[in-house]
>>> print(open('run-v2.cif').read())   # mmCIF, C-alpha atoms and all ligand atoms
data_target
loop_
_atom_site.label_atom_id
_atom_site.label_comp_id
_atom_site.auth_asym_id
_atom_site.auth_seq_id
_atom_site.Cartn_x
_atom_site.Cartn_y
_atom_site.Cartn_z
CA MET R 1 -85.65 -55.35 -23.70
CA LEU R 2 -83.44 -56.97 -21.05
CA ALA R 3 -86.49 -58.68 -19.52
CA VAL R 4 -87.72 -59.88 -22.92
CA VAL R 5 -84.30 -61.35 -23.78
CA ALA R 6 -84.16 -63.17 -20.42
CA ALA R 7 -87.74 -64.44 -20.71
CA VAL R 8 -87.17 -65.74 -24.23
CA THR R 9 -83.91 -67.48 -23.25
CA VAL R 10 -85.40 -69.05 -20.14
CA SER R 11 -88.60 -70.24 -21.85
CA ALA R 12 -86.65 -71.64 -24.84
CA THR R 13 -84.36 -73.62 -22.48
CA LEU R 14 -87.29 -74.81 -20.36
CA ALA R 15 -89.24 -75.88 -23.45
CA GLY R 16 -86.21 -77.78 -24.74
CA VAL R 17 -85.63 -79.61 -21.45
CA VAL R 18 -89.34 -80.41 -21.04
CA ALA R 19 -89.44 -81.75 -24.61
CA ILE R 20 -86.37 -83.94 -23.93
CA THR R 21 -87.86 -85.35 -20.71
CA LEU R 22 -91.21 -85.95 -22.39
CA ALA R 23 -89.39 -87.80 -25.19
CA MET R 24 -88.04 -89.94 -22.35
CA VAL R 25 -84.37 -89.49 -23.21
CA ILE R 26 -83.78 -88.96 -19.44
CA GLU R 27 -85.85 -90.78 -16.83
CA GLY R 28 -86.33 -91.05 -13.03
CA ARG R 29 -84.14 -89.02 -10.58
CA PRO R 30 -81.92 -87.43 -13.26
CA LYS R 31 -85.08 -86.12 -14.93
CA ASN R 32 -86.24 -84.37 -11.67
CA ILE R 33 -82.75 -82.98 -11.04
CA VAL R 34 -82.51 -81.52 -14.55
CA LEU R 35 -86.00 -80.00 -14.32
CA THR R 36 -85.27 -78.45 -10.88
CA VAL R 37 -81.89 -77.04 -11.94
CA VAL R 38 -83.33 -75.54 -15.10
CA ALA R 39 -86.32 -74.08 -13.22
CA ILE R 40 -84.14 -72.46 -10.52
CA GLY R 41 -81.64 -71.16 -13.09
CA GLY R 42 -84.50 -69.74 -15.14
CA LEU R 43 -86.13 -68.01 -12.16
CA VAL R 44 -82.84 -66.49 -10.92
CA GLY R 45 -82.02 -65.31 -14.47
CA LEU R 46 -85.45 -63.73 -14.85
CA GLY R 47 -85.18 -62.02 -11.47
CA VAL R 48 -81.76 -60.53 -12.24
CA ALA R 49 -82.97 -59.39 -15.68
CA LEU R 50 -86.03 -57.71 -14.12
CA VAL R 51 -83.93 -55.87 -11.50
CA ASN R 52 -81.49 -54.70 -14.18
CA ALA R 53 -84.30 -53.67 -16.47
CA ARG R 54 -85.94 -51.63 -13.70
CA THR R 55 -82.64 -49.86 -12.99
CA VAL R 56 -82.17 -48.92 -16.64
CA VAL R 57 -85.79 -47.82 -17.03
CA ARG R 58 -85.62 -45.72 -13.88
CA ALA R 59 -82.32 -44.14 -14.98
CA SER R 60 -83.60 -43.33 -18.44
CA ARG R 61 -86.77 -41.82 -16.91
CA SER R 62 -84.66 -39.65 -14.62
CA LEU R 63 -82.63 -38.53 -17.66
CA VAL R 64 -85.83 -37.61 -19.51
CA THR R 65 -87.04 -35.70 -16.43
CA ALA R 66 -83.72 -33.84 -16.27
CA VAL R 67 -84.12 -32.83 -19.93
CA GLU R 68 -87.74 -31.73 -19.35
CA ASN R 69 -86.68 -29.68 -16.34
CA VAL R 70 -83.99 -27.66 -18.13
CA PRO R 71 -84.69 -24.06 -17.00
CA PRO R 72 -85.08 -21.18 -19.49
CA SER R 73 -81.45 -20.23 -18.74
CA GLY R 74 -80.60 -23.45 -20.64
CA ARG R 75 -78.26 -25.06 -18.08
CA PHE R 76 -78.65 -28.88 -18.01
CA THR R 77 -78.25 -30.54 -14.60
CA PRO R 78 -77.63 -34.32 -14.83
CA PRO R 79 -79.87 -36.54 -12.60
CA PRO R 80 -78.61 -36.78 -9.00
CA ASN R 81 -78.60 -40.63 -8.80
CA PRO R 82 -75.70 -42.37 -10.56
CA LEU R 83 -76.48 -43.58 -14.10
CA PRO R 84 -75.46 -46.88 -15.74
CA ALA R 85 -72.40 -46.44 -18.00
CA GLU R 86 -74.34 -46.28 -21.30
CA LEU R 87 -76.70 -43.59 -20.04
CA ARG R 88 -73.85 -41.72 -18.40
CA THR R 89 -72.31 -41.15 -21.87
CA ILE R 90 -75.63 -39.87 -23.18
CA GLY R 91 -75.95 -37.62 -20.11
CA ALA R 92 -72.50 -36.12 -20.74
CA ALA R 93 -73.30 -35.58 -24.44
CA LEU R 94 -76.57 -33.86 -23.48
CA GLU R 95 -74.75 -31.62 -21.04
CA GLN R 96 -72.30 -30.54 -23.75
CA ALA R 97 -75.05 -29.96 -26.31
CA TYR R 98 -77.02 -27.80 -23.86
CA GLU R 99 -73.88 -25.82 -23.00
CA ARG R 100 -73.28 -25.08 -26.70
CA LEU R 101 -76.90 -24.04 -27.14
CA ARG R 102 -76.68 -21.78 -24.11
CA LEU R 103 -73.53 -20.05 -25.37
CA GLY R 104 -75.13 -19.56 -28.80
CA ARG R 105 -78.22 -18.06 -27.24
CA GLU R 106 -76.15 -15.77 -25.02
CA ARG R 107 -74.19 -14.49 -28.05
CA GLU R 108 -77.43 -13.88 -29.93
CA ARG R 109 -78.85 -11.97 -26.98
CA ALA R 110 -75.68 -9.84 -26.78
CA LEU R 111 -75.93 -9.01 -30.49
CA GLU R 112 -79.60 -8.17 -30.15
CA SER R 113 -78.94 -5.82 -27.24
CA ALA R 114 -76.02 -4.26 -29.17
CA ARG R 115 -78.41 -3.59 -32.04
CA ARG R 116 -80.93 -2.00 -29.68
CA GLU R 117 -78.18 0.12 -28.11
CA LEU R 118 -77.08 1.15 -31.59
CA VAL R 119 -80.53 2.50 -32.38
CA ALA R 120 -80.57 4.37 -29.07
CA TRP R 121 -77.09 5.83 -29.57
CA VAL R 122 -77.62 6.71 -33.19
CA SER R 123 -80.81 8.59 -32.42
CA HIS R 124 -79.02 10.36 -29.56
CA ASP R 125 -75.99 11.10 -31.76
CA LEU R 126 -78.23 12.50 -34.47
CA ARG R 127 -80.46 14.52 -32.18
CA THR R 128 -77.76 16.40 -30.29
CA PRO R 129 -75.98 17.93 -33.32
CA LEU R 130 -79.31 18.56 -35.04
CA ALA R 131 -80.49 20.56 -32.03
CA GLY R 132 -77.24 22.55 -32.07
CA MET R 133 -77.54 23.25 -35.78
CA ARG R 134 -81.14 24.29 -35.40
CA ALA R 135 -80.20 26.80 -32.72
CA MET R 136 -77.42 28.25 -34.90
CA VAL R 137 -79.64 28.46 -37.99
CA GLU R 138 -82.37 30.18 -35.97
CA ALA R 139 -79.86 32.66 -34.60
CA LEU R 140 -78.68 33.42 -38.15
CA GLU R 141 -82.25 33.64 -39.45
CA ASP R 142 -83.46 36.02 -36.72
CA GLY R 143 -80.36 38.15 -37.06
CA VAL R 144 -79.48 37.51 -33.38
CA ALA R 145 -76.00 36.55 -34.51
CA ASP R 146 -75.04 39.26 -36.94
CA ASP R 147 -71.40 40.14 -36.32
CA PRO R 148 -69.35 38.72 -39.20
CA GLU R 149 -67.12 36.67 -36.95
CA THR R 150 -69.97 34.79 -35.25
CA VAL R 151 -71.74 34.27 -38.57
CA LYS R 152 -68.57 32.76 -40.04
CA ARG R 153 -68.01 30.55 -36.97
CA TYR R 154 -71.61 29.29 -37.12
CA HIS R 155 -71.24 28.47 -40.81
CA VAL R 156 -68.04 26.50 -40.20
CA GLN R 157 -69.60 24.66 -37.25
CA ILE R 158 -72.72 23.79 -39.21
CA ARG R 159 -70.63 22.41 -42.09
CA VAL R 160 -68.51 20.28 -39.70
CA GLU R 161 -71.66 18.86 -38.10
CA VAL R 162 -73.25 18.17 -41.49
CA ASP R 163 -70.09 16.33 -42.58
CA ARG R 164 -70.11 14.23 -39.44
CA LEU R 165 -73.78 13.36 -39.74
CA THR R 166 -73.33 12.51 -43.43
CA GLY R 167 -70.48 10.15 -42.52
CA MET R 168 -72.62 8.47 -39.89
CA VAL R 169 -75.60 8.01 -42.19
CA GLU R 170 -73.29 6.62 -44.88
CA ASP R 171 -71.82 4.14 -42.38
CA LEU R 172 -75.31 3.03 -41.33
CA PHE R 173 -76.29 2.59 -44.96
CA GLU R 174 -73.14 0.58 -45.69
CA LEU R 175 -73.70 -1.62 -42.65
CA SER R 176 -77.31 -2.31 -43.57
CA ARG R 177 -76.17 -3.31 -47.08
CA ILE R 178 -73.58 -5.67 -45.58
CA HIS R 179 -76.14 -7.21 -43.22
CA ALA R 180 -78.72 -7.56 -45.97
CA GLY R 181 -76.11 -9.34 -48.08
CA SER R 182 -76.55 -6.85 -50.89
CA LEU R 183 -72.98 -5.61 -50.93
CA ARG R 184 -71.88 -5.94 -54.57
CA LEU R 185 -68.14 -6.16 -55.03
CA SER R 186 -66.50 -5.30 -58.34
CA LEU R 187 -63.43 -7.48 -58.00
CA ALA R 188 -60.34 -6.57 -59.97
CA ARG R 189 -56.63 -7.18 -59.68
CA THR R 190 -55.52 -4.66 -57.09
CA GLY R 191 -52.06 -3.93 -55.73
CA LEU R 192 -52.04 -3.81 -51.95
CA GLY R 193 -49.10 -1.39 -52.13
CA ASP R 194 -51.20 1.19 -54.01
CA LEU R 195 -54.07 0.66 -51.63
CA VAL R 196 -51.84 1.36 -48.63
CA ALA R 197 -50.35 4.46 -50.32
CA ASP R 198 -53.83 5.84 -51.16
CA THR R 199 -55.09 5.22 -47.64
CA LEU R 200 -52.08 6.89 -46.03
CA ALA R 201 -52.47 9.91 -48.33
CA ALA R 202 -56.16 10.21 -47.40
CA VAL R 203 -55.63 10.11 -43.62
CA GLU R 204 -52.46 12.23 -43.61
CA PRO R 205 -54.29 15.46 -42.58
CA LEU R 206 -55.92 13.69 -39.61
CA ALA R 207 -52.56 12.24 -38.52
CA ARG R 208 -50.92 15.66 -38.78
CA ALA R 209 -53.70 17.23 -36.71
CA GLU R 210 -53.26 14.56 -34.00
CA GLY R 211 -49.45 14.72 -34.11
CA VAL R 212 -49.17 11.04 -35.00
CA ARG R 213 -46.44 9.76 -37.32
CA LEU R 214 -47.66 7.55 -40.18
CA SER R 215 -45.45 4.93 -41.70
CA GLY R 216 -46.18 2.44 -44.47
CA GLU R 217 -44.26 -0.64 -45.55
CA ALA R 218 -45.74 -2.41 -48.52
CA ASP R 219 -44.35 -4.97 -50.90
CA PRO R 220 -45.50 -3.32 -54.17
CA HIS R 221 -46.18 -6.66 -55.86
CA VAL R 222 -48.91 -8.11 -53.72
CA PRO R 223 -51.81 -8.57 -56.12
CA VAL R 224 -55.18 -9.51 -54.69
CA TYR R 225 -58.57 -9.75 -56.34
CA ALA R 226 -60.51 -7.15 -54.48
CA ASP R 227 -62.91 -4.25 -54.74
CA ALA R 228 -60.39 -1.45 -54.28
CA GLY R 229 -63.00 1.06 -53.11
CA GLN R 230 -64.53 -1.21 -50.47
CA LEU R 231 -61.26 -2.68 -49.24
CA GLY R 232 -59.82 0.83 -49.08
CA ARG R 233 -62.72 1.82 -46.87
CA ALA R 234 -62.03 -1.12 -44.51
CA VAL R 235 -58.32 -0.23 -44.28
CA ARG R 236 -59.15 3.45 -43.76
CA ASN R 237 -61.44 2.54 -40.84
CA LEU R 238 -58.55 0.64 -39.22
CA VAL R 239 -56.03 3.42 -39.79
CA VAL R 240 -58.38 6.17 -38.56
CA ASN R 241 -59.04 4.16 -35.38
CA ALA R 242 -55.30 3.64 -34.93
CA ILE R 243 -54.60 7.37 -35.29
CA ARG R 244 -57.41 8.31 -32.90
CA HIS R 245 -56.18 5.89 -30.22
CA THR R 246 -52.47 6.69 -30.50
CA PRO R 247 -51.21 9.51 -28.28
CA ALA R 248 -49.41 12.47 -29.90
CA ALA R 249 -45.85 11.71 -31.04
CA GLY R 250 -46.79 8.02 -31.37
CA THR R 251 -46.47 6.01 -34.57
CA VAL R 252 -48.98 4.10 -36.68
CA LEU R 253 -47.41 1.48 -38.93
CA VAL R 254 -49.28 -0.01 -41.90
CA ARG R 255 -47.69 -3.06 -43.47
CA ALA R 256 -48.72 -5.19 -46.45
CA ALA R 257 -46.97 -8.43 -47.31
CA ALA R 258 -47.70 -11.81 -48.85
CA ASP R 259 -46.68 -15.35 -48.02
CA GLY R 260 -47.39 -18.30 -50.35
CA THR R 261 -51.18 -18.41 -50.10
CA ALA R 262 -52.34 -15.26 -48.34
CA ALA R 263 -51.85 -11.52 -48.36
CA ARG R 264 -51.66 -9.85 -44.97
CA LEU R 265 -52.29 -6.20 -44.25
CA SER R 266 -51.71 -5.05 -40.72
CA VAL R 267 -52.08 -1.80 -38.82
CA LEU R 268 -49.97 -1.46 -35.67
CA ASP R 269 -50.70 1.45 -33.33
CA GLY R 270 -49.63 2.80 -29.96
CA CYS R 271 -52.98 2.68 -28.16
CA GLY R 272 -51.54 1.02 -25.05
CA GLY R 273 -53.48 -2.19 -25.60
CA ILE R 274 -57.17 -3.08 -25.64
CA PRO R 275 -58.46 -4.84 -22.47
CA GLU R 276 -58.38 -8.64 -23.04
CA GLU R 277 -62.11 -8.98 -22.36
CA ASP R 278 -62.91 -6.39 -25.04
CA LEU R 279 -60.81 -8.02 -27.78
CA PRO R 280 -63.52 -10.44 -29.02
CA ARG R 281 -66.12 -7.66 -29.02
CA VAL R 282 -64.43 -4.81 -30.87
CA PHE R 283 -65.88 -5.97 -34.21
CA ASP R 284 -69.46 -6.04 -32.86
CA VAL R 285 -71.89 -3.45 -34.14
CA ALA R 286 -72.10 -0.45 -31.79
CA PHE R 287 -69.25 -1.59 -29.56
CA ARG R 288 -67.16 1.40 -28.55
CA GLY R 289 -65.40 0.41 -25.37
CA GLU R 290 -66.57 0.81 -21.79
CA ALA R 291 -64.98 4.24 -21.38
CA ALA R 292 -66.86 5.70 -24.32
CA ARG R 293 -70.51 5.17 -23.36
CA THR R 294 -71.05 8.87 -23.80
CA PRO R 295 -68.99 9.68 -26.86
CA GLY R 296 -67.16 12.98 -27.17
CA PRO R 297 -67.49 15.27 -30.17
CA ASP R 298 -65.24 13.08 -32.33
CA GLY R 299 -66.39 9.78 -30.82
CA GLY R 300 -67.76 7.45 -33.47
CA ALA R 301 -70.87 5.33 -33.48
CA GLY R 302 -68.98 2.05 -33.15
CA LEU R 303 -69.64 1.09 -36.76
CA GLY R 304 -66.17 1.30 -38.32
CA LEU R 305 -64.86 -2.13 -37.33
CA ALA R 306 -68.19 -3.89 -37.99
CA ILE R 307 -68.10 -2.43 -41.52
CA ALA R 308 -64.43 -3.44 -41.97
CA ARG R 309 -65.22 -6.99 -40.91
CA GLY R 310 -68.24 -7.18 -43.25
CA ILE R 311 -66.16 -5.98 -46.21
CA VAL R 312 -63.23 -8.31 -45.47
CA GLU R 313 -65.54 -11.33 -45.06
CA ALA R 314 -67.27 -10.46 -48.33
CA HIS R 315 -63.78 -10.86 -49.86
CA ASP R 316 -63.48 -14.35 -48.27
CA GLY R 317 -60.85 -12.92 -45.96
CA GLU R 318 -60.45 -12.68 -42.20
CA ILE R 319 -59.87 -9.81 -39.83
CA GLY R 320 -58.42 -10.07 -36.34
CA VAL R 321 -56.84 -8.09 -33.56
CA ALA R 322 -54.18 -8.80 -30.95
CA ASN R 323 -52.31 -6.67 -28.45
CA GLU R 324 -48.71 -6.19 -29.47
CA GLY R 325 -45.83 -3.94 -28.45
CA PRO R 326 -46.98 -0.43 -27.54
CA GLY R 327 -50.55 -1.00 -28.72
CA CYS R 328 -52.53 -3.39 -30.80
CA ARG R 329 -52.32 -4.86 -34.27
CA PHE R 330 -55.34 -5.25 -36.56
CA THR R 331 -54.67 -7.73 -39.37
CA ILE R 332 -56.60 -8.37 -42.58
CA THR R 333 -55.83 -11.67 -44.29
CA LEU R 334 -56.94 -12.16 -47.90
CA PRO R 335 -56.58 -15.20 -50.15
CA LEU R 336 -53.97 -14.38 -52.80
CA ARG R 337 -55.82 -15.56 -55.90
CA ARG R 338 -59.39 -16.29 -56.75
CA ALA R 339 -60.48 -18.41 -59.66
N1 LIG R 401 -56.71 0.94 -32.85
C1 LIG R 401 -57.45 0.87 -31.74
N2 LIG R 401 -56.87 1.01 -30.54
C2 LIG R 401 -57.60 0.92 -29.42
N3 LIG R 401 -58.93 0.71 -29.38
C3 LIG R 401 -59.55 0.57 -30.55
C4 LIG R 401 -58.86 0.63 -31.79
N4 LIG R 401 -59.74 0.46 -32.78
C5 LIG R 401 -60.94 0.28 -32.19
N5 LIG R 401 -60.84 0.36 -30.85
C6 LIG R 401 -61.96 0.19 -29.89
O1 LIG R 401 -63.01 -0.45 -30.56
C7 LIG R 401 -64.18 0.37 -30.59
C8 LIG R 401 -64.94 0.16 -31.87
O2 LIG R 401 -64.26 0.72 -32.97
P1 LIG R 401 -65.10 1.16 -34.24
O3 LIG R 401 -64.15 1.65 -35.28
O4 LIG R 401 -66.01 0.05 -34.62
O5 LIG R 401 -65.99 2.34 -33.70
P2 LIG R 401 -65.61 3.85 -33.42
O6 LIG R 401 -64.25 4.15 -33.93
O7 LIG R 401 -65.89 4.09 -31.99
O8 LIG R 401 -66.71 4.59 -34.29
P3 LIG R 401 -66.77 4.78 -35.89
O9 LIG R 401 -65.65 3.97 -36.46
O10 LIG R 401 -68.12 4.28 -36.26
O11 LIG R 401 -66.61 6.23 -36.14
C9 LIG R 401 -63.66 1.77 -30.39
O12 LIG R 401 -64.64 2.61 -29.82
C10 LIG R 401 -62.49 1.54 -29.44
O13 LIG R 401 -62.95 1.40 -28.11
MG MG R 402 -63.71 3.67 -35.93
#
>>> encode(input="run-v2.cif", output="structure tokens")
Amino acid sequence: MLAVVAAVTVSATLAGVVAITLAMVIEGRPKNIVLTVVAIGGLVGLGVALVNARTVVRASRSLVTAVENVPPSGRFTPPPNPLPAELRTIGAALEQAYERLRLGRERERALESARRELVAWVSHDLRTPLAGMRAMVEALEDGVADDPETVKRYHVQIRVEVDRLTGMVEDLFELSRIHAGSLRLSLARTGLGDLVADTLAAVEPLARAEGVRLSGEADPHVPVYADAGQLGRAVRNLVVNAIRHTPAAGTVLVRAAADGTAARLSVLDGCGGIPEEDLPRVFDVAFRGEAARTPGPDGGAGLGLAIARGIVEAHDGEIGVANEGPGCRFTITLPLRRA
């Protein structure tokens, strides 16, 4: 384009001057001088335009090559030779765009591997208790275990395992409904105070067994439009986690309050803090902390927080976590009113 502009300008000027001289407006020496000056000016202009044009073309080719050579890892390396200012801006924009793409792809890969791990863990978590139950049932069936005490113990153990497996299958079902977008909420005016009271009553036996003190502070008049059953499940997941991660004699504080536009429900525990690098991942499916790769008998499947987040987001709310005081604080924020 640069070369075309220069060529057009030069030829238009030349044609004009030649026409003037032919029309004999200028004659003799002045005519030769004018023609020479215009010819030299035209040639120099053309030359400079060609050099510039080549530079731009070469730079834009090197930019195209850099884009074509982006490795599968998705990191864009700008061309080694310096670019003209205009192309430099494009190069910087490309670099940013590729970086965003790369981060997105990395996140997707992490989620995909979490999902694969979930399948592996779930099958492991189902198989181990099933094998145990099978052994106990066989012992009962064959009469190998026949003293009343052992029979009773086996029955209790089998029921505990069945309860745990039922909970896990229910969680998986809930999560698949959330992911499939088929979670149907029956929204109704719900008092957050009642919700907190119900949740605390439901988890009280667990807290007593763990020696953790439960405390609730709720403004009774915080009305939200919510599905009480689903939201209760999300809050219960947070409180159960808090109790499990708080050492004996610690306190778990549940607080519900409202300010102008939003209702906030928070659960503060005494877990000693979650490592900073884990904070963004705790809501991922199947995440259960580095220390818990092989979960103990009451270790969960890493579904609770993913379910809580799905439920809260279905309510147009937000869920977050931050380290605070002796532990961490999980907070659910819900819009106060919905049309
Ligand atoms: N209150 C908390 N304090 C400290 N760590 C927590 C807390 N809540 C969650 N975590 C960390 O986040 C992980 C994920 O929690 P999540 O509730 O999703 O799964 P889980 O409790 O392990 O299993 P599930 O809830 O399915 O029974 C936990 O394994 C734990 O490492
Ligand atoms: Mg949990």
>>> residues_near_ligand(input="run-v2.cif", ligand="ligand LIG 401 (chain R)", cutoff="6 Å", atoms="only C-alpha atoms and all ligand atoms", output="list in words")
Asn241, Ala242, His245, Cys271, Ile274, Val282, Phe287, Arg288, Gly289, Gly299, Gly300, Ala301, Gly302, Leu303, Gly304, Leu305 and Ala306 of chain R
>>> atom_distance(input="run-v2.cif", atom1="atom CA of Leu14 of chain R", atom2="atom CA of Gly45 of chain R")
12.4 Å
>>> closest_residue(input="run-v2.cif", among="R:Pro82, R:Gly317, R:Gly143, R:Gly104", to="Ala226 of chain R", atoms="all atoms listed in the file")
R:Gly317
>>> residues_around(input="run-v2.cif", residues="Asn81 of chain R", least_positions_apart="6", cutoff="10 Å", atoms="only C-alpha atoms", output="short mmCIF file (atom, residue, chain, number, x, y, z; two decimals) with C-alpha atoms, keeping the file's coordinate frame")
data_model
loop_
_atom_site.label_atom_id
_atom_site.label_comp_id
_atom_site.auth_asym_id
_atom_site.auth_seq_id
_atom_site.Cartn_x
_atom_site.Cartn_y
_atom_site.Cartn_z
CA ALA R 59 -82.32 -44.14 -14.98
CA SER R 62 -84.66 -39.65 -14.62
CA LEU R 63 -82.63 -38.53 -17.66
#
>>> residues_around(input="run-v2.cif", residues="Val10 of chain R", least_positions_apart="2", cutoff="12 Å", atoms="only C-alpha atoms", output="PyMOL selection string")
chain R and resi 3-8+12-17+37-47+49
>>> residues_around(input="run-v2.cif", residues="Val169 of chain R", least_positions_apart="3", cutoff="12 Å", atoms="all atoms listed in the file", output="PDB file with C-alpha atoms, keeping the file's coordinate frame")
ATOM      1  CA  VAL R 122     -77.620   6.710 -33.190  1.00  0.00           C
ATOM      2  CA  SER R 123     -80.810   8.590 -32.420  1.00  0.00           C
ATOM      3  CA  ASP R 125     -75.990  11.100 -31.760  1.00  0.00           C
ATOM      4  CA  LEU R 126     -78.230  12.500 -34.470  1.00  0.00           C
ATOM      5  CA  VAL R 162     -73.250  18.170 -41.490  1.00  0.00           C
ATOM      6  CA  ASP R 163     -70.090  16.330 -42.580  1.00  0.00           C
ATOM      7  CA  ARG R 164     -70.110  14.230 -39.440  1.00  0.00           C
ATOM      8  CA  LEU R 165     -73.780  13.360 -39.740  1.00  0.00           C
ATOM      9  CA  THR R 166     -73.330  12.510 -43.430  1.00  0.00           C
ATOM     10  CA  LEU R 172     -75.310   3.030 -41.330  1.00  0.00           C
ATOM     11  CA  PHE R 173     -76.290   2.590 -44.960  1.00  0.00           C
ATOM     12  CA  GLU R 174     -73.140   0.580 -45.690  1.00  0.00           C
ATOM     13  CA  LEU R 175     -73.700  -1.620 -42.650  1.00  0.00           C
ATOM     14  CA  SER R 176     -77.310  -2.310 -43.570  1.00  0.00           C
ATOM     15  CA  GLY R 300     -67.760   7.450 -33.470  1.00  0.00           C
ATOM     16  CA  ALA R 301     -70.870   5.330 -33.480  1.00  0.00           C
ATOM     17  CA  LEU R 303     -69.640   1.090 -36.760  1.00  0.00           C
TER      18      LEU R 303
END
>>> atom_distance(input="run-v2.cif", atom1="atom CA of Ala248 of chain R", atom2="atom CA of Gly273 of chain R")
15.8 Å
>>> closest_residue(input="run-v2.cif", among="R:Val252, R:Leu140, R:Leu265, R:Ala114", to="Leu195 of chain R", atoms="all atoms listed in the file")
R:Leu265
>>> atom_distance(input="run-v2.cif", atom1="atom CA of Arg264 of chain R", atom2="atom CA of Leu187 of chain R")
17.7 Å
>>> closest_residue(input="run-v2.cif", among="R:Val156, R:Ile243, R:Leu83, R:Ala197", to="ligand MG 402 (chain R)", atoms="all atoms listed in the file")
R:Ile243
>>> closest_residue(input="run-v2.cif", among="R:Glu210, R:Glu313, R:Asp284, R:Glu217", to="Asp194 of chain R", atoms="all atoms listed in the file")
R:Glu217
>>> build_atoms(input="run-v2.cif", residues="segment 214-226 of chain R", atoms="N, CA, C and O atoms", output="short mmCIF file (atom, residue, chain, number, x, y, z; two decimals), in the frame of the given file")
data_model
loop_
_atom_site.label_atom_id
_atom_site.label_comp_id
_atom_site.auth_asym_id
_atom_site.auth_seq_id
_atom_site.Cartn_x
_atom_site.Cartn_y
_atom_site.Cartn_z
N LEU R 214 -47.13 8.66 -39.37
CA LEU R 214 -47.66 7.55 -40.18
C LEU R 214 -46.52 6.90 -40.91
O LEU R 214 -45.65 7.58 -41.45
N SER R 215 -46.51 5.58 -40.95
CA SER R 215 -45.45 4.93 -41.70
C SER R 215 -46.01 3.72 -42.42
O SER R 215 -46.82 2.97 -41.87
N GLY R 216 -45.64 3.55 -43.68
CA GLY R 216 -46.18 2.44 -44.47
C GLY R 216 -45.07 1.58 -45.02
O GLY R 216 -44.03 2.09 -45.46
N GLU R 217 -45.24 0.28 -44.95
CA GLU R 217 -44.26 -0.64 -45.55
C GLU R 217 -45.07 -1.61 -46.38
O GLU R 217 -45.83 -2.40 -45.85
N ALA R 218 -44.93 -1.51 -47.71
CA ALA R 218 -45.74 -2.41 -48.52
C ALA R 218 -44.88 -2.99 -49.63
O ALA R 218 -44.16 -2.28 -50.31
N ASP R 219 -44.95 -4.30 -49.76
CA ASP R 219 -44.35 -4.97 -50.90
C ASP R 219 -45.22 -4.58 -52.10
O ASP R 219 -46.41 -4.85 -52.11
N PRO R 220 -44.65 -3.86 -53.10
CA PRO R 220 -45.50 -3.32 -54.17
C PRO R 220 -46.17 -4.42 -55.01
O PRO R 220 -47.16 -4.17 -55.67
N HIS R 221 -45.60 -5.63 -54.98
CA HIS R 221 -46.18 -6.66 -55.86
C HIS R 221 -47.00 -7.67 -55.08
O HIS R 221 -46.71 -8.84 -55.07
N VAL R 222 -47.99 -7.17 -54.35
CA VAL R 222 -48.91 -8.11 -53.72
C VAL R 222 -50.26 -7.95 -54.40
O VAL R 222 -51.06 -7.11 -54.01
N PRO R 223 -50.54 -8.73 -55.42
CA PRO R 223 -51.81 -8.57 -56.12
C PRO R 223 -52.91 -9.40 -55.46
O PRO R 223 -52.71 -10.56 -55.15
N VAL R 224 -54.02 -8.76 -55.21
CA VAL R 224 -55.18 -9.51 -54.69
C VAL R 224 -56.37 -9.19 -55.59
O VAL R 224 -56.37 -8.14 -56.26
N TYR R 225 -57.34 -10.08 -55.64
CA TYR R 225 -58.57 -9.75 -56.34
C TYR R 225 -59.50 -9.13 -55.33
O TYR R 225 -59.93 -9.78 -54.40
N ALA R 226 -59.75 -7.85 -55.50
CA ALA R 226 -60.51 -7.15 -54.48
C ALA R 226 -61.25 -5.97 -55.11
O ALA R 226 -60.92 -5.54 -56.22
#
